[in-house]
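Q: My structure file protein-v4.txt, compact mmCIF, C-alpha atoms, is below:
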# COMPACT_ATOMS: atom_id res chain seq x y z
CA MET A 1390 174.90 25.73 -261.99
CA LEU A 1391 173.09 28.94 -262.81
CA HIS A 1392 169.34 28.90 -262.56
CA HIS A 1393 167.90 29.78 -265.95
CA VAL A 1394 164.71 29.98 -267.96
CA GLU A 1395 164.60 29.18 -271.64
CA SER A 1396 162.09 29.28 -274.46
CA GLY A 1397 162.05 27.98 -278.00
CA THR A 1398 164.35 25.91 -280.18
CA GLY A 1399 166.86 26.88 -282.82
CA ARG A 1400 169.83 29.21 -282.72
CA PRO A 1401 170.87 29.74 -279.07
CA VAL A 1402 170.66 33.29 -277.74
CA VAL A 1403 171.79 33.97 -274.16
CA LEU A 1404 170.62 37.22 -272.53
CA LEU A 1405 172.25 38.42 -269.30
CA HIS A 1406 170.47 40.71 -266.88
CA ALA A 1407 171.28 44.04 -265.25
CA PHE A 1408 172.14 44.84 -261.63
CA PRO A 1409 170.44 44.43 -259.18
CA MET A 1410 167.76 42.19 -260.64
CA ASP A 1411 167.45 38.82 -262.33
CA SER A 1412 166.50 37.12 -265.58
CA ALA A 1413 162.91 38.42 -265.40
CA LEU A 1414 164.37 41.53 -267.04
CA TRP A 1415 164.44 39.67 -270.38
CA ALA A 1416 161.08 37.87 -270.08
CA ALA A 1417 159.38 39.72 -272.94
CA GLN A 1418 162.27 39.13 -275.34
CA ARG A 1419 162.57 35.49 -274.28
CA ARG A 1420 158.92 34.82 -275.01
CA ALA A 1421 158.80 36.67 -278.31
CA LEU A 1422 162.05 35.41 -279.82
CA GLY A 1423 161.53 31.92 -278.43
CA ALA A 1424 158.38 31.72 -280.53
CA GLU A 1425 160.29 32.75 -283.65
CA GLY A 1426 162.95 30.11 -284.16
CA TYR A 1427 165.46 30.94 -281.43
CA ARG A 1428 166.42 29.10 -278.26
CA VAL A 1429 166.48 31.99 -275.82
CA ILE A 1430 168.21 31.32 -272.50
CA THR A 1431 168.05 33.81 -269.64
CA PRO A 1432 170.23 32.87 -266.64
CA ASP A 1433 170.20 34.37 -263.18
CA LEU A 1434 173.79 35.46 -262.56
CA PRO A 1435 175.49 34.25 -259.34
CA GLY A 1436 173.71 35.44 -256.21
CA PHE A 1437 170.62 36.72 -258.05
CA GLY A 1438 167.18 35.19 -258.55
CA GLY A 1439 167.40 31.44 -258.22
CA SER A 1440 171.18 31.16 -258.56
CA ALA A 1441 173.36 30.46 -255.56
CA PRO A 1442 175.96 33.05 -254.59
CA SER A 1443 179.55 32.41 -255.59
CA PRO A 1444 182.01 31.43 -252.84
CA THR A 1445 184.87 33.03 -254.76
CA SER A 1446 186.23 36.58 -254.72
CA PRO A 1447 183.90 39.04 -256.47
CA SER A 1448 184.59 39.22 -260.20
CA VAL A 1449 182.76 39.58 -263.50
CA ASP A 1450 185.14 36.87 -264.73
CA VAL A 1451 183.56 34.44 -262.28
CA MET A 1452 180.14 35.38 -263.68
CA ALA A 1453 181.41 34.76 -267.22
CA ASP A 1454 182.82 31.37 -266.29
CA ALA A 1455 179.46 30.45 -264.74
CA VAL A 1456 177.74 31.29 -268.04
CA VAL A 1457 180.17 29.01 -269.91
CA GLU A 1458 179.52 26.25 -267.38
CA LEU A 1459 175.82 26.61 -268.18
CA LEU A 1460 176.51 26.46 -271.93
CA ASP A 1461 178.50 23.28 -271.37
CA HIS A 1462 175.66 21.81 -269.33
CA LEU A 1463 173.17 22.64 -272.10
CA GLY A 1464 175.42 21.21 -274.82
CA ILE A 1465 175.84 24.56 -276.57
CA GLU A 1466 179.20 25.09 -278.23
CA GLN A 1467 178.59 28.63 -279.46
CA ALA A 1468 175.83 31.18 -278.89
CA VAL A 1469 174.79 34.74 -279.50
CA VAL A 1470 175.32 36.37 -276.10
CA GLY A 1471 174.00 39.71 -274.99
CA GLY A 1472 173.85 41.64 -271.78
CA LEU A 1473 172.30 44.78 -270.40
CA SER A 1474 174.37 46.91 -268.00
CA MET A 1475 176.02 44.37 -265.65
CA GLY A 1476 175.11 41.71 -268.19
CA GLY A 1477 177.14 43.70 -270.69
CA TYR A 1478 180.13 43.64 -268.35
CA VAL A 1479 179.81 39.86 -268.18
CA THR A 1480 179.56 39.66 -271.97
CA MET A 1481 182.81 41.63 -272.21
CA ALA A 1482 184.41 39.26 -269.70
CA LEU A 1483 183.37 36.43 -272.01
CA LEU A 1484 185.16 38.24 -274.84
CA ARG A 1485 188.34 38.15 -272.77
CA ARG A 1486 188.07 34.62 -271.46
CA HIS A 1487 185.95 32.58 -273.88
CA PRO A 1488 185.68 34.40 -277.24
CA ASP A 1489 185.32 31.13 -279.15
CA ARG A 1490 181.96 30.52 -277.42
CA LEU A 1491 180.45 33.70 -278.89
CA SER A 1492 179.10 33.90 -282.44
CA ALA A 1493 177.86 37.48 -281.98
CA ILE A 1494 177.25 39.83 -279.06
CA VAL A 1495 174.75 42.40 -277.83
CA LEU A 1496 175.93 45.27 -275.63
CA ALA A 1497 172.88 47.04 -274.23
CA ASP A 1498 173.01 50.08 -271.94
CA THR A 1499 176.52 49.29 -270.80
CA LYS A 1500 180.03 50.68 -271.12
CA ALA A 1501 183.50 49.34 -271.80
CA SER A 1502 185.38 51.61 -269.42
CA ALA A 1503 186.48 50.54 -265.96
CA ASP A 1504 185.12 52.27 -262.86
CA THR A 1505 186.78 55.46 -261.75
CA PRO A 1506 188.08 55.39 -258.16
CA GLU A 1507 185.04 57.46 -257.16
CA ALA A 1508 182.60 55.06 -258.81
CA ALA A 1509 184.32 52.07 -257.22
CA ALA A 1510 184.09 53.75 -253.80
CA THR A 1511 180.37 54.33 -254.33
CA ARG A 1512 179.88 50.65 -255.18
CA GLU A 1513 181.70 49.64 -251.98
CA ALA A 1514 179.51 51.97 -249.92
CA VAL A 1515 176.36 50.44 -251.43
CA ALA A 1516 177.68 46.92 -250.88
CA ALA A 1517 178.42 47.67 -247.23
CA ALA A 1518 175.02 49.28 -246.70
CA VAL A 1519 173.18 46.32 -248.20
CA GLU A 1520 175.16 43.86 -246.10
CA ALA A 1521 174.46 45.86 -242.95
CA ALA A 1522 170.74 46.04 -243.70
CA GLY A 1523 170.48 42.41 -244.77
CA THR A 1524 168.23 43.41 -247.68
CA ALA A 1525 168.48 45.23 -250.99
CA ALA A 1526 165.07 46.87 -250.61
CA GLY A 1527 166.55 50.04 -249.12
CA ILE A 1528 168.59 50.88 -252.23
CA ALA A 1529 165.69 50.72 -254.69
CA ASP A 1530 164.37 54.26 -254.36
CA GLY A 1531 167.82 55.74 -254.69
CA MET A 1532 168.55 53.73 -257.83
CA LEU A 1533 165.28 54.18 -259.71
CA PRO A 1534 165.94 57.74 -260.99
CA ASN A 1535 169.14 56.51 -262.63
CA LEU A 1536 167.87 53.14 -263.83
CA LEU A 1537 164.71 54.46 -265.46
CA GLY A 1538 164.33 57.32 -267.91
CA ALA A 1539 162.28 60.40 -267.16
CA THR A 1540 159.53 59.25 -269.54
CA THR A 1541 159.18 55.94 -267.76
CA ARG A 1542 159.15 57.51 -264.31
CA GLU A 1543 156.48 59.97 -265.38
CA SER A 1544 154.21 57.78 -267.51
CA ARG A 1545 154.89 54.09 -266.80
CA PRO A 1546 154.17 53.58 -263.10
CA GLU A 1547 153.78 49.85 -263.57
CA VAL A 1548 157.38 49.61 -264.78
CA VAL A 1549 158.61 51.65 -261.82
CA ALA A 1550 156.75 49.35 -259.43
CA THR A 1551 158.07 46.22 -261.15
CA VAL A 1552 161.70 47.32 -261.02
CA ARG A 1553 161.37 48.34 -257.37
CA ARG A 1554 159.98 44.89 -256.58
CA TRP A 1555 162.75 43.11 -258.50
CA ILE A 1556 165.48 45.01 -256.64
CA GLY A 1557 163.91 44.35 -253.25
CA ALA A 1558 163.71 40.63 -253.97
CA GLN A 1559 167.44 40.14 -254.56
CA PRO A 1560 169.58 38.58 -251.82
CA ALA A 1561 171.77 41.11 -250.01
CA ALA A 1562 174.86 38.89 -250.28
CA GLY A 1563 174.52 38.61 -254.05
CA VAL A 1564 174.01 42.35 -254.47
CA ALA A 1565 177.09 43.19 -252.40
CA TRP A 1566 179.23 40.56 -254.16
CA ALA A 1567 178.25 41.84 -257.60
CA GLN A 1568 178.94 45.46 -256.70
CA ARG A 1569 182.47 44.57 -255.69
CA GLY A 1570 182.95 42.46 -258.80
CA MET A 1571 181.86 45.29 -261.07
CA ALA A 1572 184.11 47.74 -259.25
CA ALA A 1573 187.13 45.55 -260.07
CA ARG A 1574 186.40 45.04 -263.77
CA PRO A 1575 188.98 46.19 -266.33
CA ASP A 1576 188.55 48.38 -269.39
CA SER A 1577 187.25 46.22 -272.23
CA LEU A 1578 187.60 48.34 -275.39
CA ALA A 1579 190.49 46.25 -276.67
CA ASP A 1580 188.47 43.07 -276.16
CA ILE A 1581 185.59 44.49 -278.20
CA ALA A 1582 187.99 45.55 -280.96
CA ALA A 1583 189.54 42.07 -281.07
CA PHE A 1584 186.22 40.23 -281.41
CA GLY A 1585 185.75 40.56 -285.18
CA ARG A 1586 182.23 39.13 -285.28
CA PRO A 1587 178.81 40.85 -285.36
CA VAL A 1588 177.98 43.32 -282.61
CA LEU A 1589 174.70 45.01 -281.73
CA VAL A 1590 174.87 48.08 -279.50
CA VAL A 1591 171.61 49.26 -277.91
CA PHE A 1592 171.11 52.31 -275.72
CA GLY A 1593 168.27 54.32 -274.27
CA ALA A 1594 168.00 57.94 -275.36
CA GLU A 1595 167.40 58.93 -271.71
CA ASP A 1596 170.10 56.69 -270.20
CA THR A 1597 172.24 58.74 -267.82
CA ILE A 1598 174.34 55.80 -266.53
CA SER A 1599 175.57 54.61 -269.95
CA PRO A 1600 174.64 57.42 -272.34
CA ALA A 1601 174.99 57.60 -276.10
CA ALA A 1602 178.67 58.55 -275.90
CA ASP A 1603 179.51 55.24 -274.20
CA ALA A 1604 177.52 53.29 -276.78
CA LEU A 1605 179.26 55.00 -279.67
CA VAL A 1606 182.72 54.39 -278.20
CA MET A 1607 181.96 50.66 -278.05
CA ALA A 1608 180.58 50.68 -281.59
CA ASP A 1609 183.68 52.46 -282.88
CA ALA A 1610 185.90 49.90 -281.15
CA ALA A 1611 183.96 47.03 -282.71
CA ARG A 1612 184.18 48.56 -286.18
CA SER A 1613 187.91 49.17 -285.77
CA GLY A 1614 188.38 45.42 -285.43
CA GLY A 1615 186.27 44.57 -288.45
CA SER A 1616 183.04 43.66 -286.67
CA SER A 1617 179.79 44.20 -288.50
CA THR A 1618 178.27 46.68 -286.05
CA THR A 1619 174.70 47.89 -285.61
CA VAL A 1620 173.69 50.68 -283.25
CA VAL A 1621 170.08 51.13 -282.12
CA GLU A 1622 168.79 53.99 -279.99
CA ILE A 1623 165.59 53.35 -278.02
CA PRO A 1624 163.64 56.64 -277.72
CA ALA A 1625 162.00 57.68 -274.45
CA ALA A 1626 163.84 55.00 -272.45
CA GLY A 1627 166.59 55.10 -269.87
CA HIS A 1628 169.03 52.47 -268.64
CA LEU A 1629 166.64 49.50 -268.57
CA THR A 1630 165.52 49.57 -272.20
CA ALA A 1631 164.43 45.91 -272.26
CA VAL A 1632 161.80 46.69 -269.62
CA GLU A 1633 160.99 50.31 -270.44
CA ASP A 1634 160.23 49.56 -274.10
CA PRO A 1635 160.29 45.78 -274.48
CA GLN A 1636 158.77 45.85 -277.95
CA ALA A 1637 161.40 48.19 -279.35
CA VAL A 1638 164.22 46.09 -277.93
CA THR A 1639 162.62 42.88 -279.18
CA ASP A 1640 162.28 44.42 -282.65
CA ALA A 1641 165.94 45.50 -282.62
CA LEU A 1642 167.06 42.01 -281.63
CA ARG A 1643 164.75 40.34 -284.17
CA THR A 1644 165.98 42.45 -287.08
CA TRP A 1645 169.64 42.05 -286.15
CA LEU A 1646 169.42 38.32 -285.51
CA ALA A 1647 167.70 37.78 -288.87
CA GLY A 1648 170.72 39.32 -290.57
CA LEU A 1649 173.35 37.13 -288.94
Turn the structure described in the file into structure tokens.

A:
Amino acid sequence: MLHHVESGTGRPVVLLHAFPMDSALWAAQRRALGAEGYRVITPDLPGFGGSAPSPTSPSVDVMADAVVELLDHLGIEQAVVGGLSMGGYVTMALLRRHPDRLSAIVLADTKASADTPEAAATREAVAAAVEAAGTAAGIADGMLPNLLGATTRESRPEVVATVRRWIGAQPAAGVAWAQRGMAARPDSLADIAAFGRPVLVVFGAEDTISPAADALVMADAARSGGSSTTVVEIPAAGHLTAVEDPQAVTDALRTWLAGL
């Protein structure tokens, strides 16, 4: 069972974290929305935070099934589910495998396209390096310029330090497993188009990993299938919008959820 933290009562909202960190990513949103009539659940995906690694072959589908197992355990038939980056990939896997469990989705700083062969090879190289080192701490400095926007790196040193600490705390086995699972994920545009229920797309204006173009492609796919679709840009933030500007992301979620 996935380790998780939850806050509040009311409509269930599940928020899935980015790679390579854990559910602490969503702490600000969990606290704020949990105080406002929502039951906000933030799991640690397999191999991260307090969740045990998966013994199965690496796959975002396995992560999605673990989220459904948690929903079953908590007695939740249907929830709003959102994810940032890797969490978005897991949300899209849920669209493929368990669409009936989703009442609405959030796709934050993520993309629907599969990895190119070059990107998949890079993930394998990182996975091998982390396994060889026995720790994820060594990859933090190389990832930070891509994970965090220029504004954050220049003016929010506390955020930079927090993200570095989160990365270094993750188990090497979980980091390597997740990299390989993400490398094998399929294109998910058709799954987004088939959903037909409300979709919120969030992206950071300074995100270089999943830039505006990726966000707009997902939004267009959702609209093509009849989904009520909202797009929110977070200014002066990069890939980790929920941490770089937690208030702006909380406000976007609050406004969208109130309209469901």

Q: Give me the residues near segment 1625-1642 of chain A as a ChimeraX atom specification, where near means some atom within 6 Å (using all atoms listed in the file) and where sequence neighbours in that chain fewer than 2 positions away do not count.

A: /A:1418,1498,1536-1538,1540,1593-1596,1644-1646

Q: Find the residues with any atom within 12 Å of (187.1, 25.8, -279.3); use only C-alpha atoms and the coordinates as given in the file, and write the answer as a list in words.

A: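 The answer, in the requested form, is Asp1461, Ile1465, Glu1466, Gln1467, Arg1486, His1487, Pro1488, Asp1489, Arg1490, Leu1491 and Ser1492 of chain A.
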
Q: For a quick check of understanding, using all atoms listed in the file, which of A:Pro1600, A:Val1456, A:Pro1587, A:Ala1579 has the smallest distance to Val1495 of chain A?

A: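 Of A:Pro1600, A:Val1456, A:Pro1587, A:Ala1579, the one nearest Val1495 of chain A is A:Pro1587, counting all atoms listed in the file.
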
Q: Could you check the closest approach to Trp1566 of chain A for each of A:Leu1422, A:Pro1442, A:Val1402, A:Ala1417 and tell me which residue wins, using all atoms listed in the file?

A: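 Of all the options, A:Pro1442 lies closest to Trp1566 of chain A.
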
Q: Around all listed atoms of segment 1568-1575 of chain A, padded 3 Å per side, what centre and edge lengths does the axis-aligned box have in Å to one decimal, as AutoDock Vina command-line options?

A:
--center_x 184.0 --center_y 45.1 --center_z -261.0 --size_x 16.0 --size_y 11.3 --size_z 16.6

Q: Excluding segment 1516-1523 of chain A and any residue of its chain fewer than 5 positions from it, enumerate the residues within 8 Å of it, using only C-alpha atoms, and give them as a VMD selection string.

A: chain A and resid 1528 1561 to 1562 1564 to 1566 1568 to 1569
